[in-house]
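Asker: Below is one structure. I have some questions about it.
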Amino acid sequence: MKISDIANITEAVIEGNPDTEISGIAKIEEAKENEITFIANPAYEKHYGTTRAGAVLTSENFKPSVPRREITLLRVKDPYNSFLKLLKHFEHEEISELCGISKFASVPENTKTGDKIFIDDFVKIGNGCRIGYNTKIFSNCSIGSGVKIGNNCIIYPNVTIYKKCIIGNNVIIHSGTAIGSDGFGQAKQKDGTYKKIPQLGIVKIEDDVEIGSNCSIDRATLGETLICRGVKLDNQIQIAHNVIIGDDTVIAAQVGIAGSTKIGKRCMIAGQAGIIGHLSICDDVILLAKTGVTKSITKPGMYGGYRCKPAKEAVFDEAGINKIPEIIERLKKLEKNK
Amino acid sequence: MKISDIANITEAVIEGNPDTEISGIAKIEEAKENEITFIANPAYEKHYGTTRAGAVLTSENFKPSVPRREITLLRVKDPYNSFLKLLKHFEHEEISELCGISKFASVPENTKTGDKIFIDDFVKIGNGCRIGYNTKIFSNCSIGSGVKIGNNCIIYPNVTIYKKCIIGNNVIIHSGTAIGSDGFGQAKQKDGTYKKIPQLGIVKIEDDVEIGSNCSIDRATLGETLICRGVKLDNQIQIAHNVIIGDDTVIAAQVGIAGSTKIGKRCMIAGQAGIIGHLSICDDVILLAKTGVTKSITKPGMYGGYRCKPAKEAVFDEAGINKIPEIIERLKKLEKNK
Amino acid sequence: MKISDIANITEAVIEGNPDTEISGIAKIEEAKENEITFIANPAYEKHYGTTRAGAVLTSENFKPSVPRREITLLRVKDPYNSFLKLLKHFEHEEISELCGISKFASVPENTKTGDKIFIDDFVKIGNGCRIGYNTKIFSNCSIGSGVKIGNNCIIYPNVTIYKKCIIGNNVIIHSGTAIGSDGFGQAKQKDGTYKKIPQLGIVKIEDDVEIGSNCSIDRATLGETLICRGVKLDNQIQIAHNVIIGDDTVIAAQVGIAGSTKIGKRCMIAGQAGIIGHLSICDDVILLAKTGVTKSITKPGMYGGYRCKPAKEAVFDEAGINKIPEIIERLKKLEKNK
């Protein structure tokens with residue numbers, strides 16, 4: 001691709017040679033002569049003097065501290081968004097070209113499939129499934145009977161979707177994730193043993209959801225475990241039965257959410273946080289990493305701490321603990337002077 | 001199924017039409033006219049006035065606050081247990097009907113199999129395995145050589161059982177779980193590198209155990225990692241090599257138990273708790289969520305906290321931390337008045 | 001194998017019958033008459049009086065408290081290292097004997113393979129992969145297009161390696177692990193929704209790395225997520241995009257490391273620790289279990305605590321919290337006497 005093509009994609013003004021050939025995009029420290037890089041954050045300007053990149057995407061008012069005549073500049077209004085556009089362009093289009101059903105897949109005749117679907121080797125599709133237009137299912141996935149998957153989905157290898165679960169459109173699911181495993185329902189008996197509570201519900205995943213690798217999302221006892229539109233889940237997240245996650249909430253890796261808890265819209269939950277069961281977290285809540293939530297949260301804002309508090313109070317607690325040695329010294333003094 | 005059939009299953013007294021057809025069971029807020037729901041907890045009585053359910057399973061002394069002549073009541077002694085019975089009945093019997101070995105499975109001739117077993121597409125069975133009566137192994141599972149699996153087990157898709165491990169009767173294992181991966185044994189060398197300690201032991205899972213999705217249970221260095229009768233494990237649990245988990249202990253999601261630790265019988269361990277290696281936890285211990293256990297526990301009871309303490313003390317700590325600002329105020333006053 | 005053979009392997013001096021046949025190695029409490037056990041730690045000497053083992057590997061100066069004429073002693077300089085040598089010898093050599101490509105595997109013609117490789121049933125290899133000498137890939141693994149795997153690797157069942165990732169020599173990867181899933185990059189839009197940031201980088205795993213079961217190692221946005229030579233990862237570890245883990249660092253189960261963080265060489269990170277993104281941890285750092293790291297660490301040493309501190313300070317904090325009730329008592333006294 002020529003610099004002039006990239007300028008078209010990003011609506012950039014060129015300073016340099018529009019005919020230079022660019023074969024890839026790379027970080028400023030690692031870019032080679034045939035690659036383009038970007039400076040969206042002033043912290044990276046220091047690399048301008050030494051980068052080997054052939055071209056740099058940057059802001060309209062970027063002023064090089066060192067002249068680099070061999071580098072072509074592409075100036076844009078919003079370098080980060082232009083970079084994202086460019087990433088998308090360079091992203092290998094292999095996946096969208098994949099099409100057809102492997103002869104090594106097990107797909108029953110009663111499967112309803114849209115156009116342009118791809119079903120890879122060693123994929124097992126259960127009875128009576130429906131798979132939408134342009135959806136791609138990679139090798140070694142297991143899809144239970146009666147599952148419905150929407151359009152434009154990507155299911156990476158080794159994913160399991162249990163029977164009857166419903167997946168919306170534009171959903172991405174990464175490897176090793178289990179959708180619809182039984183909720184952890186065990187009824188204690190008088191003799192101290194446990195009897196399994198059958199889990200008859202499903203998992204429903206709405207449109208535009210992305211789910212990372214090795215996540216577990218359990219089916220509901222009755223009804224559904226619900227992951228709403230636009231939710232983004234990182235890796236190794238545990239979602240228990242009958243949980244509801246509201247629209248556009250993002251959750252980082254290794255978070256656990258216990259049974260029947262309801263999370264609001266636009267929440268941001270950082271890594272290794274945990275929320276016990278039967279709580280309600282309102283919209284627009286931010287939980288810091290490793291937060292332990294044992295009570296419902298009714299006010300938007302930022303929370304943190306081993307026993308969850310508003311983040312400011314959690315910081316005060318920390319400061320307070322640090323002051324204990326000083327407190328003891330002051331007590332000693334008072335006791336002496338008594 | 002007719003109301004009269006359901007009354008037979010649950011030993012209920014009918015108030016209403018015994019001939020109404022019921023096709024499913026649902027939550028009171030979601031039930032439709034051809035479904036039955038239940039009220040086991042007074043907190044749900046408020047939904048009685050608005051539910052669309054055709055029938056309600058409830059206690060002998062439930063008094064409707066609103067007359068609902070169109071609803072048939074089924075009165076029983078213990079509505080929750082009757083509900084469980086009914087769930088079990090409505091649970092789709094598909095699994096128990098599955099039978100036979102897929103032509104897309106890889107099953108060596110020397111496999112010893114009981115009657116009524118089911119081995120799904122793309123299952124790999126290693127050499128010299130034994131698989132008991134009525135056991136079902138779903139698609140894309142990998143069973144190592146010399147593995148023994150008992151009767152009436154369900155192994156969901158994408159499970160791996162490494163060589164020589166032993167699985168009892170009535171065991172359920174959910175997707176993505178790895179049983180018998182190598183314990184984390186690395187011997188530090190003088191040059192700072194590590195040499196792998198071979199892991200020659202096995203994992204033994206006794207009868208009536210359920211294991212959630214994406215769990216890891218490592219094989220012992222020598223001898224066995226042992227999951228005793230009736231243990232119930234939720235999702236994403238880490239059990240290191242040579243751990244022993246006692247009978248009827250239940251463990252919630254994302255708990256980690258380090259090497260050679262022994263957990264007693266009837267313990268309850270809540271989510272994200274962690275127990276370091278070489279400890280002993282006695283019978284009947286309850287660990288709260290996110291508890292960090294670094295010492296053995298010798299007395300039954302409830303424990304919690306980042307550094308594990310009896311739960312009451314952990315609560316006092318929390319209260320104490322909250323009092324630090326007040327303590328500082330009181331100190332200042334004393335210092336002024338000195 | 002005869003005692004005399006074992007003495008050769010371990011360079012031991014025999015006290016007893018060199019012709020005794022030994023068929024396995026076991027723990028001192030569990031060993032049978034035809035098995036050898038070892039005493040490397042004085043704490044285990046107490047079992048000498050009751051063990052049923054036919055032979056015991058022990059130190060040059062071990063003095064039995066009880067005479068056991070039926071036991072043959074093998075005396076060595078370093079019993080633990082001799083035991084490791086012996087373990088290695090007894091380790092079943094099945095894996096190294098496995099060879100060939102299953103007819104139930106999907107391996108494109110353009111795959112470049114070394115000698116003595118093994119590709120098991122239902123393995124999917126993408127286009128243009130390179131797989132080195134003596135590497136074994138077990139059933140139901142999915143290897144993306146353009147992946148390079150070195151020599152002498154073992155990839156256990158149900159592992160996914162995404163496209164273009166690079167795996168070095170002597171690498172072991174356990175079941176359920178996903179290498180190269182997309183980094184968690186989501187750009188917030190003005191309307192509150194998120195747009196996926198394409199992840200064009202790769203994961204590179206250097207030589208002599210072992211990775212446990214159900215780990216997630218995400219591909220870089222640009223460039224590479226890098227696991228350096230000799231790193232050992234336990235199970236269920238989350239490594240985010242663009243992370244770098246230095247040589248010979250060992251990480252225990254359920255640790256999470258967020259995006260772009262760089263960990264030094266020879267670090268030891270205990271279970272359930274978490275490190276937020278964009279930090280730098282220097283060489284030779286030890287993190288205790290459940291440590292929460294929110295700032296870079298620039299000095300080698302041991303750290304711990306919910307908010308990471310040098311381990312000694314974390315212990316002082318704990319002691320301080322325990323003193324709060326006493327502090328309040330002393331305050332009350334002072335206030336009374338005022």
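For the structure tokens, the naming scheme is as follows: chains receive sequential letters (A, B, ...) according to their order of presentation, residues are indexed from 1 within each chain, and ligands are indexed from 1 in presentation order.
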Find the residues around Glu11 of chain B up to 9 Å (only C-alpha atoms counted), leave out those fewer than 4 positions away in its own chain, and share them as a PyMOL selection string.
Answerer: chain B and resi 6-7+74-77+82
Asker: Can you work out which residues from chain C touch chain A at a cut-off of 8 Å (counting only C-alpha atoms) and hand them back as a PyMOL selection string?
Answerer: chain C and resi 106+122+124+140-142+158-160+176-178+181-182+184+192-194+197-200+214-216+222-223+236+238+256+274+276+292+306+317+320-321+327+330-331+334
Asker: Take the residues just selected and output them with C-alpha atoms as an mmCIF file, in the first residue's frame.
Answerer:
```cif
data_model
loop_
_atom_site.group_PDB
_atom_site.id
_atom_site.type_symbol
_atom_site.label_atom_id
_atom_site.label_comp_id
_atom_site.auth_asym_id
_atom_site.auth_seq_id
_atom_site.Cartn_x
_atom_site.Cartn_y
_atom_site.Cartn_z
ATOM 1 C CA SER C 106 -6.008 -32.475 9.764
ATOM 2 C CA PHE C 122 -8.384 -34.671 15.833
ATOM 3 C CA LYS C 124 -6.057 -29.326 13.422
ATOM 4 C CA ASN C 140 -7.949 -32.145 19.942
ATOM 5 C CA CYS C 141 -5.321 -29.391 19.777
ATOM 6 C CA SER C 142 -5.906 -26.522 17.341
ATOM 7 C CA ASN C 158 -7.208 -29.411 23.925
ATOM 8 C CA VAL C 159 -4.594 -26.644 23.646
ATOM 9 C CA THR C 160 -5.214 -23.757 21.218
ATOM 10 C CA GLY C 176 -6.944 -26.130 27.920
ATOM 11 C CA THR C 177 -4.371 -23.360 27.578
ATOM 12 C CA ALA C 178 -4.978 -20.662 24.946
ATOM 13 C CA SER C 181 -6.081 -15.043 21.939
ATOM 14 C CA ASP C 182 -6.825 -11.365 21.293
ATOM 15 C CA PHE C 184 -8.384 -7.039 25.714
ATOM 16 C CA GLY C 192 -20.583 4.721 25.719
ATOM 17 C CA THR C 193 -20.145 1.639 23.538
ATOM 18 C CA TYR C 194 -16.772 0.043 22.849
ATOM 19 C CA ILE C 197 -8.947 -2.567 18.825
ATOM 20 C CA PRO C 198 -7.565 -5.147 16.379
ATOM 21 C CA GLN C 199 -4.741 -7.194 17.895
ATOM 22 C CA LEU C 200 -2.150 -7.677 15.163
ATOM 23 C CA ASN C 214 -6.118 -23.493 31.383
ATOM 24 C CA CYS C 215 -3.739 -20.529 31.088
ATOM 25 C CA SER C 216 -4.485 -17.561 28.818
ATOM 26 C CA LEU C 222 1.462 -4.724 17.866
ATOM 27 C CA GLY C 223 4.755 -6.532 18.393
ATOM 28 C CA GLN C 236 -4.931 -20.758 35.283
ATOM 29 C CA GLN C 238 -3.627 -14.776 32.856
ATOM 30 C CA GLY C 256 -2.997 -12.284 36.670
ATOM 31 C CA GLY C 274 -2.239 -9.682 40.611
ATOM 32 C CA ILE C 276 -1.937 -4.071 37.126
ATOM 33 C CA GLY C 292 -1.941 -6.798 44.778
ATOM 34 C CA TYR C 306 -3.382 -6.394 49.520
ATOM 35 C CA ASP C 317 0.545 -3.536 59.194
ATOM 36 C CA GLY C 320 -0.807 -2.853 63.857
ATOM 37 C CA ILE C 321 -4.358 -3.792 62.956
ATOM 38 C CA ILE C 327 -5.046 1.268 71.474
ATOM 39 C CA ARG C 330 -5.376 2.861 76.348
ATOM 40 C CA LEU C 331 -7.096 5.940 74.915
ATOM 41 C CA LEU C 334 -6.114 8.408 79.296
#
```
Asker: What's the separation between atom CA of Val293 of chain A and atom CA of Lys312 of chain A, in Å to one decimal place?
Answerer: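 Computing the Euclidean distance for atom CA of Val293 of chain A and atom CA of Lys312 of chain A yields 15.7 Å.
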Asker: Counting only C-alpha atoms, what is within 6 Å of Thr261 of chain C, bar same-chain residues fewer than 3 positions away, as number ranges by chain?
Answerer: C: 243, 277-280
Asker: From the DSSP assignment of the backbone, select every residue of segment 57-96 of chain B that is alpha helix (DSSP H), and format the answer as a VMD selection string.
Answerer: chain B and resid 79 to 90 94 to 96
Asker: Rounded to one decimal place, report the atom CA of Ser260 of chain B-atom CA of Ile227 of chain B distance in Å.
Answerer: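 These atoms are spaced 12.5 Å apart.
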Asker: Check the DSSP output for the backbone and give back, as a PyMOL selection string, the residues of segment 63-288 of chain B in strand (DSSP E or B).
Answerer: chain B and resi 72-76+100-101+106+112-113+118-119+124-125+130-131+136-137+142-143+148-149+154-155+160-161+166-167+172-173+178-181+186-188+194-196+202-205+210-211+216-218+224-227+232-233+238-239+244-245+250-251+256-257+262-263+268-269+274-275+280-281+285-287
Asker: Would you export the selected residues with C-alpha atoms as a PDB file, in the first residue's frame, please?
Answerer:
```pdb
ATOM      1  CA  THR B  72     -54.437 -24.087  40.298  1.00  0.00           C
ATOM      2  CA  LEU B  73     -52.703 -24.488  43.650  1.00  0.00           C
ATOM      3  CA  LEU B  74     -50.728 -27.605  44.589  1.00  0.00           C
ATOM      4  CA  ARG B  75     -50.172 -27.678  48.334  1.00  0.00           C
ATOM      5  CA  VAL B  76     -47.267 -29.718  49.758  1.00  0.00           C
ATOM      6  CA  GLY B 100     -23.375 -45.897  21.306  1.00  0.00           C
ATOM      7  CA  ILE B 101     -19.914 -45.041  20.036  1.00  0.00           C
ATOM      8  CA  SER B 106     -11.135 -42.807  18.233  1.00  0.00           C
ATOM      9  CA  LYS B 112     -13.315 -52.149  28.173  1.00  0.00           C
ATOM     10  CA  THR B 113     -16.777 -50.602  28.091  1.00  0.00           C
ATOM     11  CA  PHE B 118     -22.093 -43.071  24.848  1.00  0.00           C
ATOM     12  CA  ILE B 119     -18.925 -41.806  23.189  1.00  0.00           C
ATOM     13  CA  LYS B 124     -10.014 -39.704  21.765  1.00  0.00           C
ATOM     14  CA  ILE B 125      -9.687 -42.667  24.126  1.00  0.00           C
ATOM     15  CA  ARG B 130     -12.034 -48.906  31.201  1.00  0.00           C
ATOM     16  CA  ILE B 131     -15.339 -47.024  30.951  1.00  0.00           C
ATOM     17  CA  LYS B 136     -21.524 -40.573  28.603  1.00  0.00           C
ATOM     18  CA  ILE B 137     -18.469 -38.850  27.120  1.00  0.00           C
ATOM     19  CA  SER B 142      -9.380 -36.534  25.344  1.00  0.00           C
ATOM     20  CA  ILE B 143      -8.958 -39.502  27.682  1.00  0.00           C
ATOM     21  CA  LYS B 148     -10.563 -45.842  34.513  1.00  0.00           C
ATOM     22  CA  ILE B 149     -13.992 -44.177  34.579  1.00  0.00           C
ATOM     23  CA  ILE B 154     -21.118 -37.517  32.447  1.00  0.00           C
ATOM     24  CA  ILE B 155     -18.003 -35.976  30.891  1.00  0.00           C
ATOM     25  CA  THR B 160      -9.004 -33.728  29.221  1.00  0.00           C
ATOM     26  CA  ILE B 161      -8.222 -36.625  31.549  1.00  0.00           C
ATOM     27  CA  ILE B 166      -9.162 -42.898  38.160  1.00  0.00           C
ATOM     28  CA  ILE B 167     -12.725 -41.517  38.116  1.00  0.00           C
ATOM     29  CA  ILE B 172     -19.922 -35.159  36.440  1.00  0.00           C
ATOM     30  CA  ILE B 173     -17.109 -33.136  34.826  1.00  0.00           C
ATOM     31  CA  ALA B 178      -8.103 -30.744  32.944  1.00  0.00           C
ATOM     32  CA  ILE B 179      -7.661 -33.700  35.293  1.00  0.00           C
ATOM     33  CA  GLY B 180      -4.161 -35.038  35.852  1.00  0.00           C
ATOM     34  CA  SER B 181      -1.973 -32.333  34.305  1.00  0.00           C
ATOM     35  CA  GLN B 186      10.404 -27.344  39.506  1.00  0.00           C
ATOM     36  CA  ALA B 187      13.732 -27.881  41.224  1.00  0.00           C
ATOM     37  CA  LYS B 188      15.921 -24.780  41.312  1.00  0.00           C
ATOM     38  CA  TYR B 194      14.720 -24.820  36.995  1.00  0.00           C
ATOM     39  CA  LYS B 195      14.587 -28.519  36.225  1.00  0.00           C
ATOM     40  CA  LYS B 196      11.202 -30.235  35.944  1.00  0.00           C
ATOM     41  CA  ILE B 202      -2.267 -39.763  39.468  1.00  0.00           C
ATOM     42  CA  VAL B 203      -5.543 -38.015  40.287  1.00  0.00           C
ATOM     43  CA  LYS B 204      -8.216 -40.138  41.926  1.00  0.00           C
ATOM     44  CA  ILE B 205     -11.794 -38.858  41.983  1.00  0.00           C
ATOM     45  CA  GLU B 210     -19.176 -32.893  40.451  1.00  0.00           C
ATOM     46  CA  ILE B 211     -16.468 -30.695  38.911  1.00  0.00           C
ATOM     47  CA  SER B 216      -7.357 -27.808  36.910  1.00  0.00           C
ATOM     48  CA  ILE B 217      -6.593 -30.812  39.102  1.00  0.00           C
ATOM     49  CA  ASP B 218      -2.929 -31.770  38.954  1.00  0.00           C
ATOM     50  CA  GLU B 224      -2.367 -39.491  44.284  1.00  0.00           C
ATOM     51  CA  THR B 225      -4.195 -36.184  44.379  1.00  0.00           C
ATOM     52  CA  LEU B 226      -7.463 -37.249  45.977  1.00  0.00           C
ATOM     53  CA  ILE B 227     -10.967 -35.791  45.615  1.00  0.00           C
ATOM     54  CA  LYS B 232     -18.654 -30.548  44.704  1.00  0.00           C
ATOM     55  CA  LEU B 233     -16.369 -28.140  42.858  1.00  0.00           C
ATOM     56  CA  GLN B 238      -7.109 -24.959  40.982  1.00  0.00           C
ATOM     57  CA  ILE B 239      -6.175 -28.100  42.918  1.00  0.00           C
ATOM     58  CA  ILE B 244      -6.639 -34.178  49.461  1.00  0.00           C
ATOM     59  CA  ILE B 245     -10.217 -32.839  49.648  1.00  0.00           C
ATOM     60  CA  VAL B 250     -18.057 -27.894  48.575  1.00  0.00           C
ATOM     61  CA  ILE B 251     -15.802 -25.301  46.942  1.00  0.00           C
ATOM     62  CA  GLY B 256      -6.905 -22.164  44.626  1.00  0.00           C
ATOM     63  CA  ILE B 257      -5.405 -24.867  46.841  1.00  0.00           C
ATOM     64  CA  LYS B 262      -5.294 -31.484  53.082  1.00  0.00           C
ATOM     65  CA  ILE B 263      -8.878 -30.204  53.424  1.00  0.00           C
ATOM     66  CA  MET B 268     -17.467 -24.929  52.605  1.00  0.00           C
ATOM     67  CA  ILE B 269     -14.990 -22.705  50.788  1.00  0.00           C
ATOM     68  CA  GLY B 274      -6.716 -19.340  48.476  1.00  0.00           C
ATOM     69  CA  ILE B 275      -4.882 -21.841  50.667  1.00  0.00           C
ATOM     70  CA  SER B 280      -4.137 -29.023  57.070  1.00  0.00           C
ATOM     71  CA  ILE B 281      -7.691 -27.693  57.338  1.00  0.00           C
ATOM     72  CA  VAL B 285     -14.485 -25.314  58.339  1.00  0.00           C
ATOM     73  CA  ILE B 286     -16.209 -22.474  56.476  1.00  0.00           C
ATOM     74  CA  LEU B 287     -13.988 -20.005  54.595  1.00  0.00           C
TER      75      LEU B 287
END
```
Asker: Quick one: pull the distance between atom CA of Glu45 of chain B and atom CA of Glu15 of chain B, Å, one decimal.
Answerer: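 Atom CA of Glu15 of chain B lies 17.2 Å from atom CA of Glu45 of chain B.
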Asker: Taking into account only C-alpha atoms, which residue in the set A:Arg69, A:Phe62, A:Asn152, A:Gly183 is nearest to Ile95 of chain A?
Answerer: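 Looking at the shortest contact to Ile95 of chain A, the residue is A:Asn152.
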Asker: Please identify all polymer residues within 10 Å of Asn34 of chain A, counting only C-alpha atoms, omitting same-chain residues fewer than 5 positions from it, and present them as a list in words.
Answerer: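 Counting only C-alpha atoms, the residues come to Thr20, Glu21, Ile22, Ser23, Gly24, Ile25, Arg52, Ala53, Gly54 and Ala55 of chain A.
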Asker: Just the residues within 10 Å of Asn41 of chain C, please, counting only C-alpha atoms, with nothing from its chain fewer than 6 positions along; format it as a list in words.
Answerer: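 My list of contacting residues is Thr58, Ser59, Pro79 and Tyr80 of chain C.
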Asker: Would you export the selected residues with N, CA and C atoms as a tab-separated table (two decimals), in the first residue's frame, please?
Answerer:
```
chain	number	residue	atom	x	y	z
C	58	THR	N	19.01	-42.86	50.63
C	58	THR	CA	19.17	-41.91	51.73
C	58	THR	C	20.60	-41.35	51.75
C	59	SER	N	20.88	-40.52	52.75
C	59	SER	CA	22.17	-39.82	52.78
C	59	SER	C	23.27	-40.72	53.34
C	79	PRO	N	20.55	-37.03	48.53
C	79	PRO	CA	19.40	-37.94	48.29
C	79	PRO	C	18.30	-37.31	47.42
C	80	TYR	N	18.05	-35.98	47.57
C	80	TYR	CA	16.95	-35.39	46.81
C	80	TYR	C	17.27	-35.38	45.32
```
